[in-house]
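As C-alpha cells, the structure follows; a few thoughts come after it.
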Amino acid sequence: MATPLLELRGISKSFGPVTALDRVDLDIGAAEAIGLIGDNGAGKSTLVKILSGLYPPTAGTMRFDGREVRFGSPSDARNAGIEMIYQDLALCGDLDVAANVFLGRERRRRYGPFTFLDRPGMEKAARQVMRELGTDLEPGRIVGALSGGQRQLVAVARALQFEPRLMLLDEPTAALSTEKIRVLMGLIEQLKARGVSILMISHRFTDILHVCDRVVVVRQGQIAGEVAPHAQAPDKTMALMHALMTGDTLGAVA
Amino acid sequence: MTLPADATTREAGSTAPGGFRRFIVERSRDSSLGLLAILLLLAVILSFVSPYFLTATNLLNIGRGIAIVGIVAVGETIVIIAGGFDLSVGSTMAAAGMAAAWLIGLGIPLPVAFAAAIAIGIAVGLANGAIISYGRINPLIATLATLAIVRGLSYVISGGRELVVSDPAFQAFGVGSVAGIPYIVILLVATFALFAWLMPRTRFGRYAYAIGSSAKAAQRAGVPVKQWRIAYYVTSGALAALAGLVFVARTGNAQPSAALGIELDVITAVILGGTSLSGGRGRIWGTFVGLLLLGVVNNGLILAGVPAFWQQVVKGVILLLAVLYDEIRRNRAEEA
C-alpha cells in the first residue's frame with residue numbers, strides 16, 4: 001500500500017488527570033472514507049479536534065502527506081489541507097454566504113500599501129462553488145435567514161472552496177432531516193470521487209455503512225478495532241461494531 | 001443534487017433575487033431609513049416651532065455640537081459591532097486633552113503634542129483590548145475600570161488643575177472654518193466617511209461583524225479574534241483622543257473633568273443608529289443618522305426653552321426606547 005495521507009502514531013491527549021486519548025495509531029489513505037464510532041466520551045471528538053488543530057496532542061506524532069506536522073491552530077491544519085465541518089457548522093449568522101465561505105481566508109487586492117477585500121471575486125467564486133454543489137444559493141444572502149439545509153451547504157462550500165485533502169466531519173447529520181441526510185451523503189460521495197479523504201464521526205450506523213470504506217471503533221480513549229463494512233452481511237457488521245464499542249468481544253465471535 | 005425544497009420556494013417568491021428586493025430587505029434590517037424619516041419629520045416640526053431652526057447659523061451650531069460626540073461614536077460603533085463595549089471614552093478624551101495642553105504649554109510643536117495625545121488614546125485602547133481578550137473580562141466591567149483609572153490618573157497628575165491653551169493655531173483648529181464650514185464639522189464628516197467606506201471593504205470591518213456575530217465561528221475559521229478585538233479598542237481609544245483634542249481646541253482649556261458622562265450620548269447615538277447591542281449588526285452611517293437625531297432633539301429642546309436639566313432625562317428616555325426597539329427587532333429576526 002502506498003504511503004497513507006495521514007499517519008497517527010501514539011497520539012495521546014490528557015486534560016489534567018483525565019486521559020481522553022491513549023496512544024492512538026491510525027492511518028487514512030488517499031480518497032479513503034473512514035467512519036469513527038464509539039460511545040459518548042470515548043474520545044472521537046478529541047481525536048478530530050487534534051486533527052483540525054483545535055487541540056495540540058499531549059504525546060505522539062502526526063504525519064500528513066509524508067511530512068511530520070504540528071498544528072498550533074485551525075489555520076495551520078487548513079493550510080495543510082485539512083478542512084473541518086463542525087456539528088454546529090460554525091457560521092456567522094450576520095454575514096452573507098460569500099463572506100462565510102471565505103471567512104478567515106478572504107481574497108484581497110493590493111493598492112500600494114493598502115489591501116482591500118476582493119468582494120466581486122469572492123462573490124463569483126462562491127457562486128461557482130454553489131453551482132458545483134448543484135444549487136443556485138445567492139452569495140449575497142444573509143446566512144442567519146437560511147434554512148438548516150442551506151446552512152449545511154454553506155459549511156460544505158466553505159470546506160470545498162479550498163480543495164482539501166482530508167475532510168473531517170463531526171456528526172454532520174445530527175441536525176438534518178432524512179431527506180437532507182441523503183443530500184449530504186451524496187456530497188460526501190462527490191468528495192470521495194474527487195480524491196478527498198474523509199473522516200466522519202456519526203452516531204448513525206446507516207450513514208457510516210453507506211459511505212465509509214472502514215469503520216474505526218474508539219473505546220475509552222483507545223482504538224478498539226476496525227470493521228470493513230462490506231466484508232460481511234450487514235447484520236454481522238452491526239454486531240461486530242456493537243461488540244467493539246461495548247468490549248463484549250465474545251458476542252462478535254459467535 | 002438539488003437545493004432543499006424550502007429554499008427553492010423562497011427564492012421563487014422574489015422576482016429579482018439579487019436586486020432591488022434584497023436591497024430593501026437589507027436596509028430594513030438596520031432600520032436607518034425609518035430613523036431618517038423620524039429625523040426629517042422632527043426637522044419639519046421644529047422649523048414650524050422656531051423660525052430660527054432652519055437658519056445656517058443654527059444648523060452649523062448643531063454640527064459643532066455633535067462633532068465631539070460623533071467622532072467618539074465612530075469608534076464605539078465599531079467596538080459594539082464586534083460584540084464589545086467601551087465606557088472609557090470620556091476619560092480617554094480628558095487624559096488626551098490634558099496631555100496635549102501640557103505639552104503645548106511647554107512649547108512642544110503642535111504635531112508632536114497631537115501625536116502624543118493620540119498615543120495616549122492608543123495606549124488606553126491597547127489596555128482595554130488586552131484585558132478583555134487575554135483576561136477574558138466582560139467589556140462593560142473592564143472599561144468601567146479603565147474609565148475610573150484613566151480619569152483618576154488625569155486628576156492625580158494635574159493635581160485637579162485645568163490648563164489654559166493660548167496657542168493661536170490650536171484655537172483656530174477649534175473655532176475656525178473654511179467656506180463657512182467649521183473645521184471640526186469637516187473632521188466629523190471625514191471621520192464618518194472614512195470608516196463607513198472602510199468597514200465593508202477591509203478585513204478590519206468584515207472581522208468586526210464576524211466576531212460580533214459569532215466569535216467562536218470566527219476563531220474556528222482561523223480569524224485571530226484576540227488581536228482584532230484589540231485593534232477595535234485601539235481604534236476607539238485613538239478616536240476618543242482625537243475628540244479630546246477637538247474639545248480642548250473648542251473650549252481653549254483642558255480639564256481633568258472634561259467629557260464626564262459623554263458615553264451616554266455616544267452610546268445613545270450608536271444604538272439609535274441601529275447597531276445591535278448583541279454585536280454583528282450595525283452601520284457607521286446609521287450612527288451618523290442617530291447622532292443627527294440626537295443633535296436635533298437637543299437643539300429643539302433649547303429652542304423650545306426647555307431647562308437644561310430636562311435634556312438629560314430626555315436623552316435617557318431616548319436611549320431606553322432605542323434599546324427596546326433593538327430588542328424587539330432582534331426577537332423578530334430570531335423568529336424569522
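Labels used: A, B, ... for chains in the order of the C-alpha cells, numbers from 1 for residues in each chain, and numbers from 1 for ligands as shown.
Proximity to segment 300-305 of chain B at 9 Å, evaluated using only C-alpha atoms and with sequence-adjacent residues fewer than 3 positions away removed, yields Leu42, Ala43, Leu46, Val49, Ser50, Tyr52, Phe53, Gly295, Val296, Val297, Ala308, Trp310 and Gln311 of chain B.
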Give me, as a compact mmCIF listing (two decimals) with C-alpha atoms, in the first residue's frame, the residues of chain A touching chain B, with the criterion being at most 7 Å (counting only C-alpha atoms).
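Listing of selection_15.txt after writing:
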```txt
# COMPACT_ATOMS: atom_id res chain seq x y z
CA PRO A 74 -7.09 25.64 12.99
CA SER A 75 -5.36 27.82 10.37
CA ALA A 90 -19.62 27.37 12.94
CA LEU A 91 -21.12 30.02 10.66
CA CYS A 92 -21.54 33.75 11.28
CA GLY A 93 -25.28 34.38 11.01
CA ASP A 94 -24.93 38.11 10.35
CA LEU A 95 -22.59 37.66 7.38
CA LEU A 103 -14.11 33.72 6.36
CA GLY A 104 -10.52 33.79 7.59
CA PHE A 116 -8.89 45.65 0.25
CA LEU A 117 -11.34 42.77 0.08
CA LEU A 133 -22.82 21.65 -5.35
CA GLY A 134 -25.87 21.78 -7.56
CA THR A 135 -27.60 24.85 -6.09
CA GLY A 149 -30.10 22.52 4.79
CA VAL A 183 -28.24 15.07 0.08
```
* Would you mind listing what lies within 9 Å of Ala101 of chain B as a PyMOL selection string, with only C-alpha atoms counted and same-chain residues fewer than 4 positions away left out? => chain B and resi 96-97+105-106+113+163-165+245+248+253-254
* To do: Just the helix (DSSP H, G or I) stuff from segment 50-253 of chain A, please, per backbone DSSP, written as an MDAnalysis selection string.
  => chainID A and resid 50:51 74:80 97:101 119:132 143:145 148:160 178:193 205:211 234:246 249:253
Output for the residues just chosen: C-alpha atoms as a CSV table (one decimal), in the first residue's frame:
```csv
chain,number,residue,atom,x,y,z
A,50,ILE,CA,-6.5,17.3,17.3
A,51,LEU,CA,-6.5,16.7,13.6
A,74,PRO,CA,-7.1,25.6,13.0
A,75,SER,CA,-5.4,27.8,10.4
A,76,ASP,CA,-2.3,25.5,10.4
A,77,ALA,CA,-4.5,22.5,9.7
A,78,ARG,CA,-6.4,24.3,7.0
A,79,ASN,CA,-3.2,25.4,5.3
A,80,ALA,CA,-2.0,21.8,5.3
A,97,VAL,CA,-22.9,33.4,2.1
A,98,ALA,CA,-19.8,34.6,0.3
A,99,ALA,CA,-18.3,36.2,3.5
A,100,ASN,CA,-18.9,32.9,5.3
A,101,VAL,CA,-17.3,30.8,2.6
A,119,ARG,CA,-15.7,41.3,-3.0
A,120,PRO,CA,-16.7,40.7,-6.6
A,121,GLY,CA,-14.0,37.9,-6.9
A,122,MET,CA,-15.2,36.2,-3.8
A,123,GLU,CA,-18.9,36.5,-4.8
A,124,LYS,CA,-18.1,35.0,-8.2
A,125,ALA,CA,-16.1,32.1,-6.6
A,126,ALA,CA,-18.9,31.5,-4.1
A,127,ARG,CA,-21.5,31.3,-6.8
A,128,GLN,CA,-19.3,28.9,-8.7
A,129,VAL,CA,-18.8,26.5,-5.8
A,130,MET,CA,-22.5,26.6,-5.1
A,131,ARG,CA,-23.1,25.7,-8.7
A,132,GLU,CA,-20.7,22.7,-8.3
A,143,VAL,CA,-26.8,33.2,6.5
A,144,GLY,CA,-28.9,33.8,9.5
A,145,ALA,CA,-32.0,33.8,7.3
A,148,GLY,CA,-30.8,24.3,8.0
A,149,GLY,CA,-30.1,22.5,4.8
A,150,GLN,CA,-28.9,25.7,3.1
A,151,ARG,CA,-26.6,26.4,6.0
A,152,GLN,CA,-25.2,22.9,5.7
A,153,LEU,CA,-24.4,23.7,2.1
A,154,VAL,CA,-22.6,26.9,3.1
A,155,ALA,CA,-20.5,24.9,5.5
A,156,VAL,CA,-19.7,22.3,2.8
A,157,ALA,CA,-19.0,25.0,0.2
A,158,ARG,CA,-16.6,26.7,2.7
A,159,ALA,CA,-14.6,23.5,3.1
A,160,LEU,CA,-14.7,22.6,-0.6
A,178,THR,CA,-33.7,12.2,6.5
A,179,GLU,CA,-34.0,13.9,3.1
A,180,LYS,CA,-31.2,16.3,3.8
A,181,ILE,CA,-29.0,13.4,5.1
A,182,ARG,CA,-29.4,11.8,1.7
A,183,VAL,CA,-28.2,15.1,0.1
A,184,LEU,CA,-25.2,15.3,2.4
A,185,MET,CA,-24.3,11.7,1.7
A,186,GLY,CA,-24.4,12.5,-2.0
A,187,LEU,CA,-21.9,15.3,-1.3
A,188,ILE,CA,-19.6,13.0,0.6
A,189,GLU,CA,-19.6,10.6,-2.3
A,190,GLN,CA,-18.7,13.5,-4.6
A,191,LEU,CA,-15.8,14.4,-2.4
A,192,LYS,CA,-14.5,10.8,-2.4
A,193,ALA,CA,-14.8,10.8,-6.2
A,205,PHE,CA,-24.6,3.5,11.7
A,206,THR,CA,-26.6,3.6,8.5
A,207,ASP,CA,-24.7,6.7,7.3
A,208,ILE,CA,-21.4,5.2,8.2
A,209,LEU,CA,-22.1,1.9,6.4
A,210,HIS,CA,-23.3,3.8,3.3
A,211,VAL,CA,-20.2,5.9,2.6
A,234,PRO,CA,-24.9,-6.0,7.2
A,235,ASP,CA,-26.3,-7.6,10.4
A,236,LYS,CA,-23.0,-9.2,11.0
A,237,THR,CA,-21.3,-5.8,10.5
A,238,MET,CA,-23.6,-4.2,13.1
A,239,ALA,CA,-22.9,-7.0,15.6
A,240,LEU,CA,-19.2,-6.5,15.1
A,241,MET,CA,-19.4,-2.8,15.6
A,242,HIS,CA,-21.5,-3.1,18.7
A,243,ALA,CA,-19.2,-5.7,20.2
A,244,LEU,CA,-16.2,-3.5,19.7
A,245,MET,CA,-18.0,-0.4,21.2
A,246,THR,CA,-19.0,-2.3,24.3
A,249,THR,CA,-16.0,-9.5,22.0
A,250,LEU,CA,-17.5,-12.8,22.7
A,251,GLY,CA,-20.7,-11.8,21.0
A,252,ALA,CA,-18.8,-11.0,17.8
A,253,VAL,CA,-17.1,-14.3,17.6
```
* Asked: Suppose you want the space between atom CA of Phe170 of chain B and atom CA of Pro109 of chain B; what is it in Å?
  ->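 Atom-to-atom, atom CA of Phe170 of chain B to atom CA of Pro109 of chain B, that is 10.5 Å.
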* Asked: Which residue, A:Ala59, A:Leu47, A:Leu137, A:Leu169, has the smallest gap to Gly221 of chain A when you use only C-alpha atoms?
  ->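 Checking each of A:Ala59, A:Leu47, A:Leu137, A:Leu169 against Gly221 of chain A, counting only C-alpha atoms, the winner is A:Leu47.
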* Expressed in Å to a single decimal, how great is the separation between atom CA of Gly29 of chain A and atom CA of Phe102 of chain A? ->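 Taking atom CA of Gly29 of chain A and atom CA of Phe102 of chain A, their separation equals 27.8 Å.
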* To do: Determine which residues of segment 165-219 of chain A DSSP labels as strand (DSSP E or B) from the backbone of this structure, then write them out as a PyMOL selection string.
  => chain A and resi 166-170+197-201+214-219
Could the residues in this selection be saved with N, CA, C and O atoms as a compact mmCIF listing (two decimals), in the first residue's frame?
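Result file is out.txt:
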```
# COMPACT_ATOMS: atom_id res chain seq x y z
N LEU A 166 -8.10 16.26 3.12
CA LEU A 166 -8.80 15.47 4.13
C LEU A 166 -9.93 16.30 4.70
O LEU A 166 -9.73 17.46 5.07
N MET A 167 -11.12 15.74 4.74
CA MET A 167 -12.28 16.45 5.28
C MET A 167 -12.72 15.75 6.56
O MET A 167 -12.94 14.53 6.57
N LEU A 168 -12.82 16.53 7.64
CA LEU A 168 -13.27 15.98 8.92
C LEU A 168 -14.72 16.40 9.13
O LEU A 168 -15.06 17.58 8.96
N LEU A 169 -15.56 15.46 9.47
CA LEU A 169 -16.97 15.79 9.71
C LEU A 169 -17.37 15.27 11.09
O LEU A 169 -17.24 14.08 11.38
N ASP A 170 -17.83 16.18 11.95
CA ASP A 170 -18.26 15.80 13.29
C ASP A 170 -19.79 15.77 13.33
O ASP A 170 -20.42 16.81 13.30
N SER A 197 -9.97 12.53 1.10
CA SER A 197 -10.16 11.56 2.18
C SER A 197 -11.16 12.11 3.19
O SER A 197 -11.26 13.31 3.37
N ILE A 198 -11.86 11.19 3.83
CA ILE A 198 -12.93 11.60 4.75
C ILE A 198 -12.73 10.91 6.10
O ILE A 198 -12.43 9.71 6.13
N LEU A 199 -12.91 11.68 7.16
CA LEU A 199 -13.02 11.07 8.49
C LEU A 199 -14.30 11.60 9.10
O LEU A 199 -14.44 12.81 9.30
N MET A 200 -15.23 10.70 9.35
CA MET A 200 -16.56 11.13 9.76
C MET A 200 -16.97 10.49 11.08
O MET A 200 -16.94 9.27 11.21
N ILE A 201 -17.34 11.34 12.03
CA ILE A 201 -17.94 10.84 13.28
C ILE A 201 -19.43 10.77 13.06
O ILE A 201 -20.02 11.73 12.54
N ARG A 214 -13.93 1.96 5.78
CA ARG A 214 -13.53 1.31 7.01
C ARG A 214 -14.23 1.99 8.17
O ARG A 214 -14.47 3.20 8.12
N VAL A 215 -14.55 1.23 9.19
CA VAL A 215 -15.13 1.82 10.39
C VAL A 215 -14.17 1.55 11.55
O VAL A 215 -13.81 0.41 11.81
N VAL A 216 -13.73 2.65 12.18
CA VAL A 216 -12.81 2.52 13.30
C VAL A 216 -13.60 2.76 14.58
O VAL A 216 -14.36 3.73 14.68
N VAL A 217 -13.42 1.86 15.55
CA VAL A 217 -14.18 1.95 16.79
C VAL A 217 -13.26 2.43 17.91
O VAL A 217 -12.18 1.88 18.12
N VAL A 218 -13.68 3.49 18.59
CA VAL A 218 -12.91 4.03 19.71
C VAL A 218 -13.62 3.65 21.01
O VAL A 218 -14.84 3.76 21.11
N ARG A 219 -12.84 3.15 21.97
CA ARG A 219 -13.42 2.85 23.28
C ARG A 219 -12.42 3.25 24.36
O ARG A 219 -11.26 2.88 24.30
```
Spatial neighbours of Pro111 of chain B, max dist 12 Å, only C-alpha atoms, sep filter under 4 positions, as a PDB file with C-alpha atoms, in the first residue's frame:
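Saved as part_33.pdb:
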```
ATOM      1  CA  ALA B 100      -1.779  67.906  24.613  1.00  0.00           C
ATOM      2  CA  LEU B 103       2.916  69.716  26.020  1.00  0.00           C
ATOM      3  CA  ILE B 104       1.765  72.793  24.110  1.00  0.00           C
ATOM      4  CA  GLY B 107       6.409  74.892  23.831  1.00  0.00           C
ATOM      5  CA  ALA B 115       0.702  62.662  18.256  1.00  0.00           C
ATOM      6  CA  ALA B 116       1.316  62.270  21.992  1.00  0.00           C
ATOM      7  CA  ALA B 117      -2.388  62.740  22.717  1.00  0.00           C
ATOM      8  CA  ILE B 118      -3.363  60.122  20.118  1.00  0.00           C
ATOM      9  CA  ALA B 169      -3.085  77.738  15.636  1.00  0.00           C
ATOM     10  CA  PHE B 170      -4.652  75.214  18.029  1.00  0.00           C
ATOM     11  CA  LEU B 245      -8.148  67.368  21.126  1.00  0.00           C
TER      12      LEU B 245
END
```
* **Spatial neighbours of Ala249 of chain B, 7 Å, only C-alpha atoms, chain gap at least 3 places, as a list of chain:residue names** => B:Phe170, B:Gln171, B:Phe173, B:Gly174, B:Leu245, B:Val246, B:Gly252
Include N, CA, C and O atoms and write out the residues we just selected as a JSON list (two decimals), in the first residue's frame.
```
[["chain", "number", "residue", "atom", "x", "y", "z"],
["B", 170, "PHE", "N", -3.81, 76.25, 17.42],
["B", 170, "PHE", "CA", -4.65, 75.21, 18.03],
["B", 170, "PHE", "C", -6.08, 75.73, 18.18],
["B", 170, "PHE", "O", -7.05, 75.02, 17.88],
["B", 171, "GLN", "N", -6.21, 76.98, 18.61],
["B", 171, "GLN", "CA", -7.55, 77.54, 18.78],
["B", 171, "GLN", "C", -8.27, 77.69, 17.44],
["B", 171, "GLN", "O", -9.48, 77.50, 17.36],
["B", 173, "PHE", "N", -7.99, 75.73, 14.98],
["B", 173, "PHE", "CA", -8.50, 74.40, 14.66],
["B", 173, "PHE", "C", -9.86, 74.18, 15.31],
["B", 173, "PHE", "O", -10.77, 73.57, 14.73],
["B", 174, "GLY", "N", -10.05, 74.74, 16.50],
["B", 174, "GLY", "CA", -11.31, 74.54, 17.24],
["B", 174, "GLY", "C", -12.43, 75.44, 16.77],
["B", 174, "GLY", "O", -13.59, 75.02, 16.74],
["B", 245, "LEU", "N", -8.86, 66.22, 21.70],
["B", 245, "LEU", "CA", -8.15, 67.37, 21.13],
["B", 245, "LEU", "C", -9.13, 68.42, 20.63],
["B", 245, "LEU", "O", -8.95, 69.63, 20.85],
["B", 246, "VAL", "N", -10.18, 67.96, 19.96],
["B", 246, "VAL", "CA", -11.20, 68.88, 19.46],
["B", 246, "VAL", "C", -11.83, 69.63, 20.63],
["B", 246, "VAL", "O", -12.05, 70.84, 20.57],
["B", 252, "GLY", "N", -10.66, 75.97, 24.60],
["B", 252, "GLY", "CA", -9.48, 76.73, 24.96],
["B", 252, "GLY", "C", -8.84, 76.32, 26.26],
["B", 252, "GLY", "O", -7.85, 76.88, 26.70]]
```
* Asked: atom CA of Ile71 of chain B and atom CA of Ile120 of chain B, how far apart in Å?
  ->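 Separating atom CA of Ile120 of chain B from atom CA of Ile71 of chain B is a distance of 16.3 Å.
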* So which residues touch Val156 of chain B within 12 Å, counting only C-alpha atoms, skipping near sequence neighbours fewer than 5 positions away, as a list of chain:residue names? -> B:Ala95, B:Met98, B:Ala148, B:Ile149, B:Val150, B:Arg151, B:Arg161, B:Pro256, B:Ser257
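For the choices A:Glu171, A:Glu163, A:Asp25, A:Glu226, the atom-to-atom distance to Arg204 of chain A is smallest for A:Glu171 when using only C-alpha atoms.
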* Asked: Could you pull the residues within 12 Å of Asn331 of chain B, counting only C-alpha atoms, minus those fewer than 6 positions along the same chain, as a list in words?
  ->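 After dropping sequence-adjacent residues, the list is Ser276, Ser278, Leu324 and Tyr325 of chain B.
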Could those residues be written to a file, using C-alpha atoms, as a PDB file, in the first residue's frame?
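What landed in again-v2.pdb:
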```pdb
ATOM      1  CA  SER B 276     -27.240  45.928  17.789  1.00  0.00           C
ATOM      2  CA  SER B 278     -25.553  41.936  20.830  1.00  0.00           C
ATOM      3  CA  LEU B 324     -36.196  48.461  23.440  1.00  0.00           C
ATOM      4  CA  TYR B 325     -36.509  48.784  19.688  1.00  0.00           C
TER       5      TYR B 325
END
```
